[in-house]
file structure36.txt (compact mmCIF, N, CA and C atoms)
# COMPACT_ATOMS: atom_id res chain seq x y z
N MET A 1 71.52 106.78 88.69
CA MET A 1 72.94 106.71 88.77
C MET A 1 73.50 106.47 87.37
N ALA A 2 74.46 107.27 86.95
CA ALA A 2 75.08 107.14 85.64
C ALA A 2 76.13 106.04 85.67
N ARG A 3 76.23 105.30 84.58
CA ARG A 3 77.24 104.25 84.45
C ARG A 3 78.33 104.73 83.52
N ALA A 4 79.55 104.44 83.88
CA ALA A 4 80.67 104.79 83.02
C ALA A 4 80.82 103.72 81.94
N THR A 5 81.12 104.14 80.74
CA THR A 5 81.40 103.22 79.65
C THR A 5 82.89 103.29 79.37
N LEU A 6 83.56 102.16 79.55
CA LEU A 6 85.00 102.11 79.35
C LEU A 6 85.30 101.46 78.01
N PRO A 7 86.32 101.97 77.30
CA PRO A 7 86.66 101.38 76.00
C PRO A 7 87.25 99.98 76.17
N THR A 8 86.96 99.12 75.22
CA THR A 8 87.50 97.76 75.21
C THR A 8 88.15 97.53 73.86
N SER A 9 89.30 96.90 73.86
CA SER A 9 89.95 96.57 72.59
C SER A 9 90.64 95.23 72.72
N THR A 10 90.92 94.62 71.58
CA THR A 10 91.62 93.34 71.54
C THR A 10 93.11 93.61 71.56
N TYR A 11 93.81 93.00 72.52
CA TYR A 11 95.26 93.16 72.62
C TYR A 11 95.97 92.08 71.83
N ALA A 12 95.47 90.86 71.89
CA ALA A 12 96.06 89.74 71.15
C ALA A 12 94.95 88.77 70.79
N GLY A 13 95.06 88.16 69.62
CA GLY A 13 94.05 87.22 69.16
C GLY A 13 93.02 87.92 68.31
N GLN A 14 92.48 87.21 67.35
CA GLN A 14 91.54 87.82 66.43
C GLN A 14 90.58 86.77 65.89
N THR A 15 89.31 87.01 66.01
CA THR A 15 88.31 86.14 65.40
C THR A 15 88.50 86.15 63.89
N GLY A 16 88.50 84.97 63.30
CA GLY A 16 88.64 84.87 61.85
C GLY A 16 90.08 84.84 61.38
N ALA A 17 91.04 84.91 62.29
CA ALA A 17 92.46 84.85 61.89
C ALA A 17 92.78 83.44 61.42
N THR A 18 93.85 83.31 60.66
CA THR A 18 94.27 82.01 60.16
C THR A 18 94.68 81.12 61.31
N ILE A 19 94.04 79.96 61.43
CA ILE A 19 94.24 79.08 62.56
C ILE A 19 95.44 78.15 62.37
N ASP A 20 95.82 77.87 61.14
CA ASP A 20 96.85 76.86 60.90
C ASP A 20 98.28 77.39 61.01
N THR A 21 98.45 78.63 61.41
CA THR A 21 99.80 79.17 61.61
C THR A 21 99.94 79.68 63.03
N LEU A 22 101.17 79.76 63.51
CA LEU A 22 101.41 80.26 64.86
C LEU A 22 101.40 81.78 64.92
N GLY A 23 101.74 82.43 63.83
CA GLY A 23 101.73 83.88 63.80
C GLY A 23 102.94 84.52 64.43
N ASP A 24 103.99 83.73 64.71
CA ASP A 24 105.19 84.31 65.30
C ASP A 24 105.78 85.38 64.39
N GLY A 25 106.16 86.50 65.01
CA GLY A 25 106.76 87.60 64.27
C GLY A 25 105.75 88.56 63.67
N ARG A 26 104.47 88.31 63.91
CA ARG A 26 103.43 89.17 63.37
C ARG A 26 102.75 89.97 64.49
N THR A 27 101.97 90.95 64.11
CA THR A 27 101.23 91.75 65.08
C THR A 27 100.24 90.87 65.83
N ALA A 28 100.28 90.91 67.14
CA ALA A 28 99.46 90.01 67.97
C ALA A 28 97.96 90.20 67.74
N GLN A 29 97.52 91.40 67.47
CA GLN A 29 96.09 91.66 67.29
C GLN A 29 95.50 90.95 66.08
N THR A 30 96.33 90.56 65.13
CA THR A 30 95.82 89.94 63.91
C THR A 30 95.96 88.42 63.91
N GLN A 31 96.44 87.85 65.01
CA GLN A 31 96.72 86.42 65.06
C GLN A 31 95.74 85.67 65.95
N TYR A 32 95.70 84.37 65.76
CA TYR A 32 94.78 83.49 66.48
C TYR A 32 95.46 82.89 67.71
N LEU A 33 94.80 82.94 68.86
CA LEU A 33 95.25 82.24 70.06
C LEU A 33 94.27 81.10 70.31
N SER A 34 94.79 79.92 70.60
CA SER A 34 93.94 78.75 70.78
C SER A 34 93.79 78.44 72.26
N THR A 35 92.64 78.71 72.80
CA THR A 35 92.32 78.50 74.21
C THR A 35 93.29 79.24 75.12
N PRO A 36 93.37 80.57 75.01
CA PRO A 36 94.24 81.32 75.93
C PRO A 36 93.69 81.21 77.35
N ARG A 37 94.58 81.02 78.29
CA ARG A 37 94.17 80.88 79.69
C ARG A 37 94.63 82.11 80.47
N GLN A 38 95.65 81.96 81.27
CA GLN A 38 96.09 83.05 82.12
C GLN A 38 97.17 83.89 81.44
N ILE A 39 97.27 85.16 81.85
CA ILE A 39 98.32 86.04 81.33
C ILE A 39 99.13 86.61 82.48
N TRP A 40 100.33 87.09 82.15
CA TRP A 40 101.20 87.76 83.11
C TRP A 40 102.00 88.81 82.35
N LYS A 41 102.16 89.98 82.96
CA LYS A 41 102.92 91.06 82.33
C LYS A 41 104.20 91.29 83.12
N ASP A 42 105.34 91.30 82.42
CA ASP A 42 106.62 91.52 83.10
C ASP A 42 106.92 93.01 83.22
N THR A 43 108.02 93.34 83.86
CA THR A 43 108.36 94.74 84.12
C THR A 43 108.77 95.49 82.85
N SER A 44 109.04 94.77 81.76
CA SER A 44 109.39 95.41 80.49
C SER A 44 108.17 95.66 79.61
N GLY A 45 106.99 95.23 80.09
CA GLY A 45 105.77 95.44 79.34
C GLY A 45 105.39 94.31 78.40
N ASN A 46 106.15 93.20 78.42
CA ASN A 46 105.80 92.03 77.63
C ASN A 46 104.69 91.27 78.34
N ILE A 47 103.76 90.72 77.56
CA ILE A 47 102.67 89.93 78.13
C ILE A 47 102.84 88.48 77.70
N TYR A 48 102.73 87.57 78.67
CA TYR A 48 102.86 86.14 78.42
C TYR A 48 101.48 85.51 78.54
N VAL A 49 101.12 84.67 77.58
CA VAL A 49 99.79 84.05 77.52
C VAL A 49 99.95 82.54 77.47
N ALA A 50 99.29 81.83 78.39
CA ALA A 50 99.24 80.37 78.32
C ALA A 50 98.26 80.00 77.20
N ASP A 51 98.79 79.57 76.06
CA ASP A 51 98.01 79.19 74.88
C ASP A 51 97.79 77.69 74.97
N SER A 52 96.80 77.31 75.74
CA SER A 52 96.63 75.95 76.23
C SER A 52 96.53 74.88 75.14
N SER A 53 95.66 75.05 74.18
CA SER A 53 95.46 74.01 73.17
C SER A 53 96.66 73.82 72.26
N ARG A 54 97.51 74.81 72.16
CA ARG A 54 98.71 74.68 71.33
C ARG A 54 99.93 74.24 72.13
N GLY A 55 99.78 74.10 73.45
CA GLY A 55 100.89 73.64 74.27
C GLY A 55 102.06 74.61 74.30
N ARG A 56 101.76 75.89 74.33
CA ARG A 56 102.81 76.91 74.28
C ARG A 56 102.49 78.07 75.22
N VAL A 57 103.53 78.81 75.56
CA VAL A 57 103.36 80.11 76.20
C VAL A 57 103.78 81.11 75.14
N ARG A 58 102.84 82.00 74.79
CA ARG A 58 103.09 83.00 73.77
C ARG A 58 103.47 84.30 74.45
N MET A 59 104.35 85.04 73.83
CA MET A 59 104.74 86.34 74.36
C MET A 59 104.32 87.42 73.37
N VAL A 60 103.66 88.43 73.90
CA VAL A 60 103.36 89.62 73.11
C VAL A 60 104.31 90.69 73.61
N SER A 61 105.24 91.10 72.74
CA SER A 61 106.24 92.09 73.15
C SER A 61 105.57 93.42 73.44
N SER A 62 106.30 94.29 74.09
CA SER A 62 105.77 95.62 74.42
C SER A 62 105.43 96.41 73.15
N SER A 63 105.99 95.99 72.01
CA SER A 63 105.66 96.64 70.73
C SER A 63 104.53 95.92 69.99
N GLY A 64 103.95 94.84 70.61
CA GLY A 64 102.79 94.18 70.03
C GLY A 64 103.06 93.02 69.10
N ILE A 65 104.29 92.51 69.09
CA ILE A 65 104.63 91.39 68.21
C ILE A 65 104.50 90.07 68.97
N LEU A 66 103.87 89.08 68.34
CA LEU A 66 103.62 87.78 68.94
C LEU A 66 104.77 86.81 68.65
N SER A 67 105.14 86.02 69.65
CA SER A 67 106.15 84.97 69.46
C SER A 67 105.89 83.83 70.45
N THR A 68 106.48 82.68 70.18
CA THR A 68 106.43 81.57 71.12
C THR A 68 107.58 81.74 72.08
N PHE A 69 107.28 81.88 73.37
CA PHE A 69 108.33 82.01 74.38
C PHE A 69 108.83 80.64 74.83
N CYS A 70 107.90 79.73 75.11
CA CYS A 70 108.30 78.36 75.44
C CYS A 70 107.17 77.41 75.10
N GLY A 71 107.53 76.16 74.90
CA GLY A 71 106.56 75.14 74.54
C GLY A 71 106.61 74.82 73.06
N GLY A 72 105.86 73.80 72.70
CA GLY A 72 105.81 73.38 71.30
C GLY A 72 106.59 72.12 71.02
N GLY A 73 107.32 71.62 72.03
CA GLY A 73 108.10 70.40 71.85
C GLY A 73 107.22 69.16 71.93
N THR A 74 107.79 68.04 71.55
CA THR A 74 107.09 66.76 71.64
C THR A 74 107.90 65.82 72.51
N GLY A 75 107.30 64.74 72.92
CA GLY A 75 108.00 63.77 73.76
C GLY A 75 107.86 64.11 75.23
N THR A 76 108.73 63.53 76.04
CA THR A 76 108.64 63.72 77.49
C THR A 76 109.92 64.27 78.11
N SER A 77 110.91 64.60 77.31
CA SER A 77 112.16 65.16 77.85
C SER A 77 111.87 66.57 78.32
N ASP A 78 111.88 66.76 79.65
CA ASP A 78 111.50 68.08 80.18
C ASP A 78 112.48 68.62 81.21
N LEU A 79 113.73 68.21 81.14
CA LEU A 79 114.76 68.73 82.03
C LEU A 79 115.85 69.39 81.18
N SER A 80 116.00 70.69 81.35
CA SER A 80 117.02 71.47 80.66
C SER A 80 116.96 71.32 79.13
N VAL A 81 115.84 71.72 78.56
CA VAL A 81 115.69 71.72 77.11
C VAL A 81 115.46 73.15 76.64
N ALA A 82 115.66 73.38 75.36
CA ALA A 82 115.42 74.72 74.80
C ALA A 82 113.98 75.12 75.05
N ASN A 83 113.75 76.39 75.32
CA ASN A 83 112.40 76.87 75.60
C ASN A 83 111.38 76.38 74.57
N THR A 84 111.70 76.50 73.29
CA THR A 84 110.73 76.13 72.25
C THR A 84 110.66 74.64 71.99
N ALA A 85 111.43 73.85 72.73
CA ALA A 85 111.36 72.39 72.64
C ALA A 85 110.68 71.78 73.86
N PHE A 86 110.26 72.62 74.80
CA PHE A 86 109.64 72.10 76.02
C PHE A 86 108.27 71.49 75.70
N PRO A 87 108.00 70.26 76.19
CA PRO A 87 106.75 69.57 75.84
C PRO A 87 105.61 69.79 76.84
N PHE A 88 104.95 70.93 76.75
CA PHE A 88 103.75 71.13 77.55
C PHE A 88 102.63 70.25 77.02
N ILE A 89 101.73 69.88 77.93
CA ILE A 89 100.51 69.19 77.52
C ILE A 89 99.39 70.22 77.43
N SER A 90 99.20 70.97 78.51
CA SER A 90 98.13 71.97 78.55
C SER A 90 98.51 73.09 79.50
N PRO A 91 99.37 74.03 79.04
CA PRO A 91 99.76 75.13 79.93
C PRO A 91 98.54 75.95 80.32
N TRP A 92 98.48 76.34 81.59
CA TRP A 92 97.27 76.98 82.09
C TRP A 92 97.57 78.32 82.77
N GLY A 93 98.39 78.29 83.81
CA GLY A 93 98.71 79.51 84.55
C GLY A 93 100.11 79.97 84.23
N VAL A 94 100.34 81.28 84.34
CA VAL A 94 101.66 81.82 84.04
C VAL A 94 101.94 83.00 84.97
N THR A 95 103.17 83.03 85.49
CA THR A 95 103.63 84.14 86.33
C THR A 95 105.15 84.20 86.19
N GLY A 96 105.79 85.13 86.84
CA GLY A 96 107.23 85.26 86.72
C GLY A 96 107.86 85.83 87.96
N ASP A 97 109.19 85.95 87.92
CA ASP A 97 109.92 86.52 89.05
C ASP A 97 110.81 87.67 88.58
N ASN A 98 111.53 88.28 89.50
CA ASN A 98 112.37 89.43 89.18
C ASN A 98 113.67 89.06 88.47
N SER A 99 113.95 87.76 88.34
CA SER A 99 115.16 87.30 87.65
C SER A 99 114.89 86.99 86.18
N GLY A 100 113.67 87.18 85.72
CA GLY A 100 113.35 86.92 84.32
C GLY A 100 112.86 85.51 84.04
N ASN A 101 112.60 84.73 85.08
CA ASN A 101 112.06 83.39 84.88
C ASN A 101 110.55 83.47 84.78
N VAL A 102 109.98 82.63 83.93
CA VAL A 102 108.53 82.53 83.79
C VAL A 102 108.15 81.13 84.26
N TYR A 103 107.15 81.06 85.14
CA TYR A 103 106.69 79.80 85.70
C TYR A 103 105.31 79.48 85.13
N VAL A 104 105.15 78.24 84.67
CA VAL A 104 103.93 77.86 83.98
C VAL A 104 103.36 76.59 84.60
N THR A 105 102.09 76.64 84.98
CA THR A 105 101.43 75.42 85.45
C THR A 105 100.89 74.67 84.24
N ASP A 106 101.04 73.36 84.27
CA ASP A 106 100.49 72.51 83.21
C ASP A 106 99.34 71.72 83.80
N TYR A 107 98.13 72.08 83.43
CA TYR A 107 96.92 71.51 84.00
C TYR A 107 96.85 70.00 83.80
N SER A 108 97.07 69.54 82.61
CA SER A 108 96.96 68.11 82.31
C SER A 108 98.22 67.34 82.69
N GLY A 109 99.36 68.01 82.68
CA GLY A 109 100.62 67.34 82.99
C GLY A 109 100.92 67.26 84.47
N HIS A 110 100.21 68.05 85.29
CA HIS A 110 100.37 68.04 86.75
C HIS A 110 101.78 68.44 87.18
N PHE A 111 102.31 69.50 86.57
CA PHE A 111 103.63 70.00 86.97
C PHE A 111 103.71 71.50 86.73
N ILE A 112 104.77 72.09 87.25
CA ILE A 112 105.10 73.50 87.01
C ILE A 112 106.45 73.53 86.31
N ALA A 113 106.53 74.29 85.24
CA ALA A 113 107.78 74.43 84.50
C ALA A 113 108.37 75.81 84.72
N GLN A 114 109.69 75.88 84.64
CA GLN A 114 110.40 77.15 84.70
C GLN A 114 111.01 77.40 83.33
N CYS A 115 110.64 78.50 82.71
CA CYS A 115 111.19 78.89 81.41
C CYS A 115 112.02 80.15 81.63
N SER A 116 113.27 80.11 81.23
CA SER A 116 114.16 81.23 81.53
C SER A 116 114.38 82.12 80.31
N MET A 117 114.79 83.35 80.58
CA MET A 117 115.14 84.29 79.52
C MET A 117 116.38 83.83 78.75
N SER A 118 117.18 82.95 79.36
CA SER A 118 118.37 82.43 78.69
C SER A 118 118.02 81.38 77.65
N GLY A 119 116.74 80.97 77.60
CA GLY A 119 116.31 80.04 76.57
C GLY A 119 116.23 78.59 76.99
N ILE A 120 116.35 78.30 78.30
CA ILE A 120 116.29 76.92 78.80
C ILE A 120 115.08 76.75 79.70
N SER A 121 114.36 75.64 79.50
CA SER A 121 113.19 75.31 80.32
C SER A 121 113.40 73.97 81.01
N SER A 122 112.79 73.83 82.19
CA SER A 122 112.84 72.58 82.93
C SER A 122 111.56 72.40 83.74
N ARG A 123 111.21 71.14 83.97
CA ARG A 123 110.13 70.86 84.92
C ARG A 123 110.66 71.31 86.26
N TYR A 124 109.90 72.13 86.97
CA TYR A 124 110.36 72.76 88.21
C TYR A 124 109.80 72.06 89.43
N ILE A 125 108.52 71.76 89.42
CA ILE A 125 107.84 71.09 90.54
C ILE A 125 106.87 70.06 89.97
N GLY A 126 106.81 68.91 90.59
CA GLY A 126 105.84 67.89 90.19
C GLY A 126 106.44 66.81 89.32
N VAL A 127 105.65 65.78 89.13
CA VAL A 127 106.04 64.65 88.29
C VAL A 127 105.14 64.67 87.08
N ARG A 128 105.73 64.65 85.92
CA ARG A 128 104.97 64.71 84.67
C ARG A 128 104.00 63.54 84.56
N ASN A 129 102.77 63.83 84.19
CA ASN A 129 101.73 62.79 84.05
C ASN A 129 101.88 62.08 82.73

call {"tool": "encode", "arguments": {"input": "structure36.txt", "output": "structure tokens"}}
result
Amino acid sequence: MARATLPTSTYAGQTGATIDTLGDGRTAQTQYLSTPRQIWKDTSGNIYVADSSRGRVRMVSSSGILSTFCGGGTGTSDLSVANTAFPFISPWGVTGDNSGNVYVTDYSGHFIAQCSMSGISSRYIGVRN
């Protein structure tokens, strides 16, 4: 029986990339992702990655550019804050809805956050650990 060989390529993240920068605004294939967990693709072709060790959800645009969609904040204020000020501990799972909201499970924080396209994030379900 013959086996098919399918091509494989890196969509985001790169071995040997500079680790001390976030890489926002750069081509996703050349940047470092720290402990990427789950991904989700929206209807516009953007891919969202739970970048667990950095406490962020990264977005790879349909044109291949990497950015921080939500996360990166410090402290415990997690109700109605700017997306990039939201304090994730360890984002793990990511999905979305037809209204443009992205939902993120935080493994260590024991909650689910809602990050909106309007730029506001809030703890959606659960009590922050």

call {"tool": "atom_distance", "arguments": {"input": "structure36.txt", "atom1": "atom CA of His110 of chain A", "atom2": "atom CA of Val49 of chain A"}}
result
18.5 Å

call {"tool": "select_by_dssp", "arguments": {"input": "structure36.txt", "residues": "segment 25-94 of chain A", "states": "strand (DSSP E or B)", "output": "number ranges by chain"}}
result
A: 27, 36-41, 47-51, 56-60, 65-71, 81-82, 91-94

call {"tool": "closest_residue", "arguments": {"input": "structure36.txt", "among": "A:Thr43, A:Gln31, A:Ser63, A:Asn101", "to": "Gln114 of chain A", "atoms": "all atoms listed in the file"}}
result
A:Asn101

call {"tool": "closest_residue", "arguments": {"input": "structure36.txt", "among": "A:Arg54, A:Ala113, A:Gln29, A:Ser67", "to": "Ile89 of chain A", "atoms": "only N, CA and C atoms"}}
result
A:Arg54

call {"tool": "closest_residue", "arguments": {"input": "structure36.txt", "among": "A:Lys41, A:Met59, A:Ala85, A:Leu33", "to": "Gly71 of chain A", "atoms": "only N, CA and C atoms"}}
result
A:Ala85

call {"tool": "closest_residue", "arguments": {"input": "structure36.txt", "among": "A:Thr30, A:Thr105, A:Thr76, A:Ser118", "to": "Arg56 of chain A", "atoms": "only C-alpha atoms"}}
result
A:Thr105

call {"tool": "closest_residue", "arguments": {"input": "structure36.txt", "among": "A:Ile65, A:Val94, A:Val81, A:Ile47", "to": "Asp106 of chain A", "atoms": "only N, CA and C atoms"}}
result
A:Val94

call {"tool": "atom_distance", "arguments": {"input": "structure36.txt", "atom1": "atom N of Ile120 of chain A", "atom2": "atom CA of Arg37 of chain A"}}
result
22.4 Å

call {"tool": "atom_distance", "arguments": {"input": "structure36.txt", "atom1": "atom CA of Gly126 of chain A", "atom2": "atom CA of Ser44 of chain A"}}
result
29.4 Å

call {"tool": "residues_around", "arguments": {"input": "structure36.txt", "residues": "Pro36 of chain A", "least_positions_apart": "3", "cutoff": "10 Å", "atoms": "only C-alpha atoms", "output": "list in words"}}
result
Ala12, Gly13, Tyr32, Leu33, Ile39, Val49, Ala50, Asp51, Ser52, Ser53, Arg54, Arg56, Val57, Arg58, Pro91, Trp92 and Gly93 of chain A

call {"tool": "write_last_selection", "arguments": {"input": "structure36.txt", "atoms": "N, CA and C atoms", "output": "PDB file, in the coordinates of the input"}}
result
ATOM      1  N   ALA A  12      95.470  90.860  71.890  1.00  0.00           N
ATOM      2  CA  ALA A  12      96.060  89.740  71.150  1.00  0.00           C
ATOM      3  C   ALA A  12      94.950  88.770  70.790  1.00  0.00           C
ATOM      4  N   GLY A  13      95.060  88.160  69.620  1.00  0.00           N
ATOM      5  CA  GLY A  13      94.050  87.220  69.160  1.00  0.00           C
ATOM      6  C   GLY A  13      93.020  87.920  68.310  1.00  0.00           C
ATOM      7  N   TYR A  32      95.700  84.370  65.760  1.00  0.00           N
ATOM      8  CA  TYR A  32      94.780  83.490  66.480  1.00  0.00           C
ATOM      9  C   TYR A  32      95.460  82.890  67.710  1.00  0.00           C
ATOM     10  N   LEU A  33      94.800  82.940  68.860  1.00  0.00           N
ATOM     11  CA  LEU A  33      95.250  82.240  70.060  1.00  0.00           C
ATOM     12  C   LEU A  33      94.270  81.100  70.310  1.00  0.00           C
ATOM     13  N   ILE A  39      97.270  85.160  81.850  1.00  0.00           N
ATOM     14  CA  ILE A  39      98.320  86.040  81.330  1.00  0.00           C
ATOM     15  C   ILE A  39      99.130  86.610  82.480  1.00  0.00           C
ATOM     16  N   VAL A  49     101.120  84.670  77.580  1.00  0.00           N
ATOM     17  CA  VAL A  49      99.790  84.050  77.520  1.00  0.00           C
ATOM     18  C   VAL A  49      99.950  82.540  77.470  1.00  0.00           C
ATOM     19  N   ALA A  50      99.290  81.830  78.390  1.00  0.00           N
ATOM     20  CA  ALA A  50      99.240  80.370  78.320  1.00  0.00           C
ATOM     21  C   ALA A  50      98.260  80.000  77.200  1.00  0.00           C
ATOM     22  N   ASP A  51      98.790  79.570  76.060  1.00  0.00           N
ATOM     23  CA  ASP A  51      98.010  79.190  74.880  1.00  0.00           C
ATOM     24  C   ASP A  51      97.790  77.690  74.970  1.00  0.00           C
ATOM     25  N   SER A  52      96.800  77.310  75.740  1.00  0.00           N
ATOM     26  CA  SER A  52      96.630  75.950  76.230  1.00  0.00           C
ATOM     27  C   SER A  52      96.530  74.880  75.140  1.00  0.00           C
ATOM     28  N   SER A  53      95.660  75.050  74.180  1.00  0.00           N
ATOM     29  CA  SER A  53      95.460  74.010  73.170  1.00  0.00           C
ATOM     30  C   SER A  53      96.660  73.820  72.260  1.00  0.00           C
ATOM     31  N   ARG A  54      97.510  74.810  72.160  1.00  0.00           N
ATOM     32  CA  ARG A  54      98.710  74.680  71.330  1.00  0.00           C
ATOM     33  C   ARG A  54      99.930  74.240  72.130  1.00  0.00           C
ATOM     34  N   ARG A  56     101.760  75.890  74.330  1.00  0.00           N
ATOM     35  CA  ARG A  56     102.810  76.910  74.280  1.00  0.00           C
ATOM     36  C   ARG A  56     102.490  78.070  75.220  1.00  0.00           C
ATOM     37  N   VAL A  57     103.530  78.810  75.560  1.00  0.00           N
ATOM     38  CA  VAL A  57     103.360  80.110  76.200  1.00  0.00           C
ATOM     39  C   VAL A  57     103.780  81.110  75.140  1.00  0.00           C
ATOM     40  N   ARG A  58     102.840  82.000  74.790  1.00  0.00           N
ATOM     41  CA  ARG A  58     103.090  83.000  73.770  1.00  0.00           C
ATOM     42  C   ARG A  58     103.470  84.300  74.450  1.00  0.00           C
ATOM     43  N   PRO A  91      99.370  74.030  79.040  1.00  0.00           N
ATOM     44  CA  PRO A  91      99.760  75.130  79.930  1.00  0.00           C
ATOM     45  C   PRO A  91      98.540  75.950  80.320  1.00  0.00           C
ATOM     46  N   TRP A  92      98.480  76.340  81.590  1.00  0.00           N
ATOM     47  CA  TRP A  92      97.270  76.980  82.090  1.00  0.00           C
ATOM     48  C   TRP A  92      97.570  78.320  82.770  1.00  0.00           C
ATOM     49  N   GLY A  93      98.390  78.290  83.810  1.00  0.00           N
ATOM     50  CA  GLY A  93      98.710  79.510  84.550  1.00  0.00           C
ATOM     51  C   GLY A  93     100.110  79.970  84.230  1.00  0.00           C
TER      52      GLY A  93
END

call {"tool": "closest_residue", "arguments": {"input": "structure36.txt", "among": "A:Ser108, A:Thr35, A:Ser121, A:Asn98", "to": "Thr84 of chain A", "atoms": "all atoms listed in the file"}}
result
A:Ser121

call {"tool": "build_atoms", "arguments": {"input": "structure36.txt", "residues": "segment 65-72 of chain A", "atoms": "all heavy atoms", "output": "PDB file, keeping the file's coordinate frame"}}
result
ATOM      1  N   ILE A  65     104.290  92.510  69.090  1.00  0.00           N
ATOM      2  CA  ILE A  65     104.630  91.390  68.210  1.00  0.00           C
ATOM      3  C   ILE A  65     104.500  90.070  68.970  1.00  0.00           C
ATOM      4  O   ILE A  65     104.983  89.934  70.097  1.00  0.00           O
ATOM      5  CB  ILE A  65     106.068  91.544  67.656  1.00  0.00           C
ATOM      6  CG1 ILE A  65     106.198  92.872  66.913  1.00  0.00           C
ATOM      7  CG2 ILE A  65     106.439  90.360  66.772  1.00  0.00           C
ATOM      8  CD1 ILE A  65     105.248  93.044  65.733  1.00  0.00           C
ATOM      9  N   LEU A  66     103.870  89.080  68.340  1.00  0.00           N
ATOM     10  CA  LEU A  66     103.620  87.780  68.940  1.00  0.00           C
ATOM     11  C   LEU A  66     104.770  86.810  68.650  1.00  0.00           C
ATOM     12  O   LEU A  66     105.304  86.789  67.544  1.00  0.00           O
ATOM     13  CB  LEU A  66     102.325  87.202  68.359  1.00  0.00           C
ATOM     14  CG  LEU A  66     101.849  85.865  68.898  1.00  0.00           C
ATOM     15  CD1 LEU A  66     101.408  86.004  70.354  1.00  0.00           C
ATOM     16  CD2 LEU A  66     100.698  85.345  68.047  1.00  0.00           C
ATOM     17  N   SER A  67     105.140  86.020  69.650  1.00  0.00           N
ATOM     18  CA  SER A  67     106.150  84.970  69.460  1.00  0.00           C
ATOM     19  C   SER A  67     105.890  83.830  70.450  1.00  0.00           C
ATOM     20  O   SER A  67     105.166  84.004  71.418  1.00  0.00           O
ATOM     21  CB  SER A  67     107.573  85.512  69.647  1.00  0.00           C
ATOM     22  OG  SER A  67     107.764  85.948  70.980  1.00  0.00           O
ATOM     23  N   THR A  68     106.480  82.680  70.180  1.00  0.00           N
ATOM     24  CA  THR A  68     106.430  81.570  71.120  1.00  0.00           C
ATOM     25  C   THR A  68     107.580  81.740  72.080  1.00  0.00           C
ATOM     26  O   THR A  68     108.746  81.750  71.672  1.00  0.00           O
ATOM     27  CB  THR A  68     106.534  80.213  70.386  1.00  0.00           C
ATOM     28  OG1 THR A  68     105.412  80.072  69.521  1.00  0.00           O
ATOM     29  CG2 THR A  68     106.553  79.060  71.366  1.00  0.00           C
ATOM     30  N   PHE A  69     107.280  81.880  73.370  1.00  0.00           N
ATOM     31  CA  PHE A  69     108.330  82.010  74.380  1.00  0.00           C
ATOM     32  C   PHE A  69     108.830  80.640  74.830  1.00  0.00           C
ATOM     33  O   PHE A  69     110.014  80.400  74.939  1.00  0.00           O
ATOM     34  CB  PHE A  69     107.840  82.820  75.586  1.00  0.00           C
ATOM     35  CG  PHE A  69     108.882  82.989  76.642  1.00  0.00           C
ATOM     36  CD1 PHE A  69     109.970  83.812  76.433  1.00  0.00           C
ATOM     37  CD2 PHE A  69     108.791  82.305  77.842  1.00  0.00           C
ATOM     38  CE1 PHE A  69     110.954  83.958  77.396  1.00  0.00           C
ATOM     39  CE2 PHE A  69     109.768  82.441  78.817  1.00  0.00           C
ATOM     40  CZ  PHE A  69     110.849  83.271  78.591  1.00  0.00           C
ATOM     41  N   CYS A  70     107.900  79.730  75.110  1.00  0.00           N
ATOM     42  CA  CYS A  70     108.300  78.360  75.440  1.00  0.00           C
ATOM     43  C   CYS A  70     107.170  77.410  75.100  1.00  0.00           C
ATOM     44  O   CYS A  70     106.011  77.804  75.009  1.00  0.00           O
ATOM     45  CB  CYS A  70     108.746  78.224  76.900  1.00  0.00           C
ATOM     46  SG  CYS A  70     107.527  78.643  78.147  1.00  0.00           S
ATOM     47  N   GLY A  71     107.530  76.160  74.900  1.00  0.00           N
ATOM     48  CA  GLY A  71     106.560  75.140  74.540  1.00  0.00           C
ATOM     49  C   GLY A  71     106.610  74.820  73.060  1.00  0.00           C
ATOM     50  O   GLY A  71     107.326  75.457  72.286  1.00  0.00           O
ATOM     51  N   GLY A  72     105.860  73.800  72.700  1.00  0.00           N
ATOM     52  CA  GLY A  72     105.810  73.380  71.300  1.00  0.00           C
ATOM     53  C   GLY A  72     106.590  72.120  71.020  1.00  0.00           C
ATOM     54  O   GLY A  72     106.536  71.572  69.931  1.00  0.00           O
TER      55      GLY A  72
END
